[in-house]
Amino acid sequence: MKTETFNPQMGSGNKVERIYRILLSRKRKNLTAYRIAKDAEVSWSWAYRVLSDLDREGLIVGTTVKDPKEVFMKWVARKDNRRFREYHLQNPEEVLRNAGMDYVFTGYFAENLIGHYLFPRYREIYVKRQDANKWHEHLSENGYVGKGNFRMIIADEHVFFERDQINEWPVVSIQQLIVDLYRTGSECSEAADILLRRAYLDGPTL
């Protein structure tokens with residue numbers, strides 16, 4: 001990943017993902033197309049177009065999701081525009097506590113905090129684009145650059161939407177975690193299936 005080449009402009013793909021992220025929220029009730037557009041910071045016409053497509057496919061009625069799994073699969077199938085950089089850190093938790101910059105966990109560690117299915121062998125965090133170079137300096141000063149046990153991810157900052165705090169650690173929303181796990185595949189897809197059933201099919205909100 002070259003952070004300096006990251007496009008700061010919000011492309012059409014990010015707009016669609018923002019709408020999916022809000023539509024799949026377990027916290028927002030009685031959503032309207034106008035409210036979705038406002039929370040996604042996109043035009044009403046963008047929200048209406050995406051919602052109409054989902055409605056025609058029978059995945060939603062109005063703004064009510066009828067088939068959460070298929071909406072997630074449409075999200076997963078979209079081009080992944082995130083940027084990654086990997087590191088190996090001896091004590092990642094201590095490094096994060098001393099960073100002094102904003103971030104949220106996703107992936108293995110976040111799932112372990114919520115679902116307790118995966119062994120947290122990786123630490124994966126989203127950081128804000130403007131902090132990416134400072135993060136690289138901090139992580140490289142406290143570990144090694146290259147494939148290891150830690151991944152820094154840069155993406156549209158809407159991934160911070162509905163962030164949560166679990167055991168004093170910041171984590172992404174349940175919908176963001178599920179799509180990230182599906183994107184990783186293998187045992188992470190199994191964990192995503194479990195979270196999806198618990199959060200969307202069995203009723204209770206995580």
# chains A, B, ... in the order shown; residues from 1 in each chain; ligands from 1
>>> select_by_dssp(residues="region 118-163 of chain A", states="strand (DSSP E or B)", output="list in words")
Arg123, Glu124, Ile125, Tyr126, Val127, Gly143, Tyr144, Val145, Phe150, Arg151, Met152, Ile153 and Ile154 of chain A
>>> write_last_selection(atoms="C-alpha atoms", output="CSV table (one decimal), in the first residue's frame")
chain,number,residue,atom,x,y,z
A,123,ARG,CA,-4.8,-7.5,14.7
A,124,GLU,CA,-6.5,-5.5,11.9
A,125,ILE,CA,-7.3,-1.8,12.3
A,126,TYR,CA,-8.9,0.9,10.2
A,127,VAL,CA,-7.1,4.2,10.5
A,143,GLY,CA,8.0,-3.5,15.0
A,144,TYR,CA,8.9,-4.7,11.5
A,145,VAL,CA,7.4,-3.8,8.2
A,150,PHE,CA,-0.7,-6.7,12.3
A,151,ARG,CA,-2.5,-5.0,9.4
A,152,MET,CA,-3.3,-1.3,8.9
A,153,ILE,CA,-6.2,-0.6,6.6
A,154,ILE,CA,-7.2,2.7,4.9
>>> atom_distance(atom1="CA of Arg35 (chain A)", atom2="CA of Gly58 (chain A)")
21.1 Å
>>> residues_around(residues="Lys79 (chain A)", least_positions_apart="3", cutoff="9 Å", atoms="only C-alpha atoms", output="PyMOL selection string")
chain A and resi 13+75-76
>>> atom_distance(atom1="CA of Tyr182 (chain A)", atom2="CA of Ala33 (chain A)")
26.6 Å
>>> closest_residue(among="A:Asp202, A:Glu86, A:Asp156, A:Glu111", to="Gln175 (chain A)", atoms="only C-alpha atoms")
A:Glu111
>>> atom_distance(atom1="CA of Ala199 (chain A)", atom2="CA of Arg78 (chain A)")
22.3 Å
>>> select_by_dssp(residues="region 41-108 of chain A", states="helix (DSSP H, G or I)", output="PyMOL selection string")
chain A and resi 44-56+68-77+92-97+107-108
>>> write_last_selection(atoms="N, CA and C atoms", output="short mmCIF file (atom, residue, chain, number, x, y, z; two decimals), in the first residue's frame")
data_model
loop_
_atom_site.label_atom_id
_atom_site.label_comp_id
_atom_site.auth_asym_id
_atom_site.auth_seq_id
_atom_site.Cartn_x
_atom_site.Cartn_y
_atom_site.Cartn_z
N TRP A 44 -29.94 12.33 -2.35
CA TRP A 44 -31.14 11.51 -2.24
C TRP A 44 -31.30 10.62 -3.47
N SER A 45 -30.94 11.12 -4.65
CA SER A 45 -31.09 10.34 -5.88
C SER A 45 -30.20 9.10 -5.85
N TRP A 46 -28.98 9.22 -5.26
CA TRP A 46 -28.10 8.06 -5.12
C TRP A 46 -28.75 7.01 -4.23
N ALA A 47 -29.24 7.45 -3.08
CA ALA A 47 -29.88 6.52 -2.15
C ALA A 47 -31.09 5.85 -2.80
N TYR A 48 -31.89 6.64 -3.47
CA TYR A 48 -33.11 6.11 -4.11
C TYR A 48 -32.75 5.07 -5.17
N ARG A 49 -31.70 5.34 -5.94
CA ARG A 49 -31.30 4.40 -7.00
C ARG A 49 -30.87 3.06 -6.41
N VAL A 50 -30.02 3.11 -5.37
CA VAL A 50 -29.53 1.87 -4.76
C VAL A 50 -30.68 1.10 -4.10
N LEU A 51 -31.53 1.82 -3.38
CA LEU A 51 -32.65 1.17 -2.71
C LEU A 51 -33.64 0.57 -3.72
N SER A 52 -33.86 1.27 -4.82
CA SER A 52 -34.78 0.76 -5.85
C SER A 52 -34.26 -0.54 -6.46
N ASP A 53 -32.94 -0.60 -6.70
CA ASP A 53 -32.35 -1.82 -7.25
C ASP A 53 -32.53 -2.99 -6.28
N LEU A 54 -32.29 -2.76 -5.01
CA LEU A 54 -32.46 -3.81 -4.01
C LEU A 54 -33.92 -4.23 -3.88
N ASP A 55 -34.82 -3.27 -3.99
CA ASP A 55 -36.25 -3.56 -3.91
C ASP A 55 -36.69 -4.42 -5.09
N ARG A 56 -36.23 -4.09 -6.29
CA ARG A 56 -36.59 -4.87 -7.48
C ARG A 56 -36.11 -6.31 -7.38
N PRO A 68 -31.08 -10.41 4.56
CA PRO A 68 -29.78 -9.85 4.97
C PRO A 68 -28.59 -10.55 4.33
N LYS A 69 -28.63 -11.87 4.24
CA LYS A 69 -27.48 -12.60 3.69
C LYS A 69 -27.19 -12.18 2.26
N GLU A 70 -28.23 -12.03 1.45
CA GLU A 70 -28.02 -11.65 0.06
C GLU A 70 -27.54 -10.21 -0.07
N VAL A 71 -28.01 -9.33 0.81
CA VAL A 71 -27.50 -7.95 0.78
C VAL A 71 -26.02 -7.95 1.13
N PHE A 72 -25.63 -8.75 2.13
CA PHE A 72 -24.21 -8.86 2.45
C PHE A 72 -23.42 -9.42 1.29
N MET A 73 -23.97 -10.42 0.59
CA MET A 73 -23.26 -11.02 -0.54
C MET A 73 -23.07 -10.02 -1.68
N LYS A 74 -24.07 -9.15 -1.89
CA LYS A 74 -23.91 -8.10 -2.89
C LYS A 74 -22.80 -7.13 -2.48
N TRP A 75 -22.74 -6.84 -1.20
CA TRP A 75 -21.70 -5.96 -0.67
C TRP A 75 -20.33 -6.60 -0.86
N VAL A 76 -20.22 -7.87 -0.49
CA VAL A 76 -18.94 -8.58 -0.61
C VAL A 76 -18.48 -8.64 -2.07
N ALA A 77 -19.42 -8.78 -2.99
CA ALA A 77 -19.08 -8.93 -4.41
C ALA A 77 -18.55 -7.65 -5.04
N PRO A 92 1.27 -5.85 20.17
CA PRO A 92 0.42 -4.90 19.44
C PRO A 92 -0.51 -4.09 20.33
N GLU A 93 -1.02 -4.68 21.42
CA GLU A 93 -1.92 -3.93 22.30
C GLU A 93 -1.21 -2.74 22.94
N GLU A 94 0.01 -2.96 23.37
CA GLU A 94 0.77 -1.87 23.98
C GLU A 94 1.09 -0.80 22.94
N VAL A 95 1.43 -1.22 21.75
CA VAL A 95 1.72 -0.26 20.67
C VAL A 95 0.50 0.60 20.37
N LEU A 96 -0.67 -0.02 20.36
CA LEU A 96 -1.90 0.73 20.09
C LEU A 96 -2.23 1.69 21.23
N ARG A 97 -2.04 1.24 22.45
CA ARG A 97 -2.34 2.12 23.59
C ARG A 97 -1.47 3.37 23.58
N GLY A 107 -11.95 -7.67 11.71
CA GLY A 107 -11.31 -8.97 11.51
C GLY A 107 -11.25 -9.87 12.72
N TYR A 108 -10.16 -10.63 12.81
CA TYR A 108 -10.02 -11.68 13.83
C TYR A 108 -10.21 -11.17 15.25
#
>>> residues_around(residues="Thr106 (chain A)", least_positions_apart="3", cutoff="7 Å", atoms="only C-alpha atoms", output="ChimeraX atom specification")
/A:109-110,124-125,171-172,177
>>> write_last_selection(atoms="N, CA and C atoms", output="PDB file, in the first residue's frame")
ATOM      1  N   PHE A 109      -9.511 -10.101  15.586  1.00  0.00           N
ATOM      2  CA  PHE A 109      -9.553  -9.623  16.967  1.00  0.00           C
ATOM      3  C   PHE A 109     -10.937  -9.083  17.312  1.00  0.00           C
ATOM      4  N   ALA A 110     -11.538  -8.319  16.402  1.00  0.00           N
ATOM      5  CA  ALA A 110     -12.875  -7.785  16.654  1.00  0.00           C
ATOM      6  C   ALA A 110     -13.892  -8.914  16.786  1.00  0.00           C
ATOM      7  N   GLU A 124      -6.179  -6.267  13.080  1.00  0.00           N
ATOM      8  CA  GLU A 124      -6.468  -5.490  11.875  1.00  0.00           C
ATOM      9  C   GLU A 124      -7.223  -4.234  12.280  1.00  0.00           C
ATOM     10  N   ILE A 125      -6.678  -3.094  11.912  1.00  0.00           N
ATOM     11  CA  ILE A 125      -7.316  -1.839  12.297  1.00  0.00           C
ATOM     12  C   ILE A 125      -7.539  -0.940  11.083  1.00  0.00           C
ATOM     13  N   VAL A 171     -14.180  -1.020  18.127  1.00  0.00           N
ATOM     14  CA  VAL A 171     -14.431  -1.988  17.056  1.00  0.00           C
ATOM     15  C   VAL A 171     -15.411  -1.395  16.051  1.00  0.00           C
ATOM     16  N   VAL A 172     -15.373  -1.927  14.835  1.00  0.00           N
ATOM     17  CA  VAL A 172     -16.304  -1.496  13.802  1.00  0.00           C
ATOM     18  C   VAL A 172     -17.714  -1.984  14.140  1.00  0.00           C
ATOM     19  N   LEU A 177     -18.060  -5.518  10.352  1.00  0.00           N
ATOM     20  CA  LEU A 177     -17.288  -6.698  10.725  1.00  0.00           C
ATOM     21  C   LEU A 177     -17.702  -7.902   9.890  1.00  0.00           C
TER      22      LEU A 177
END
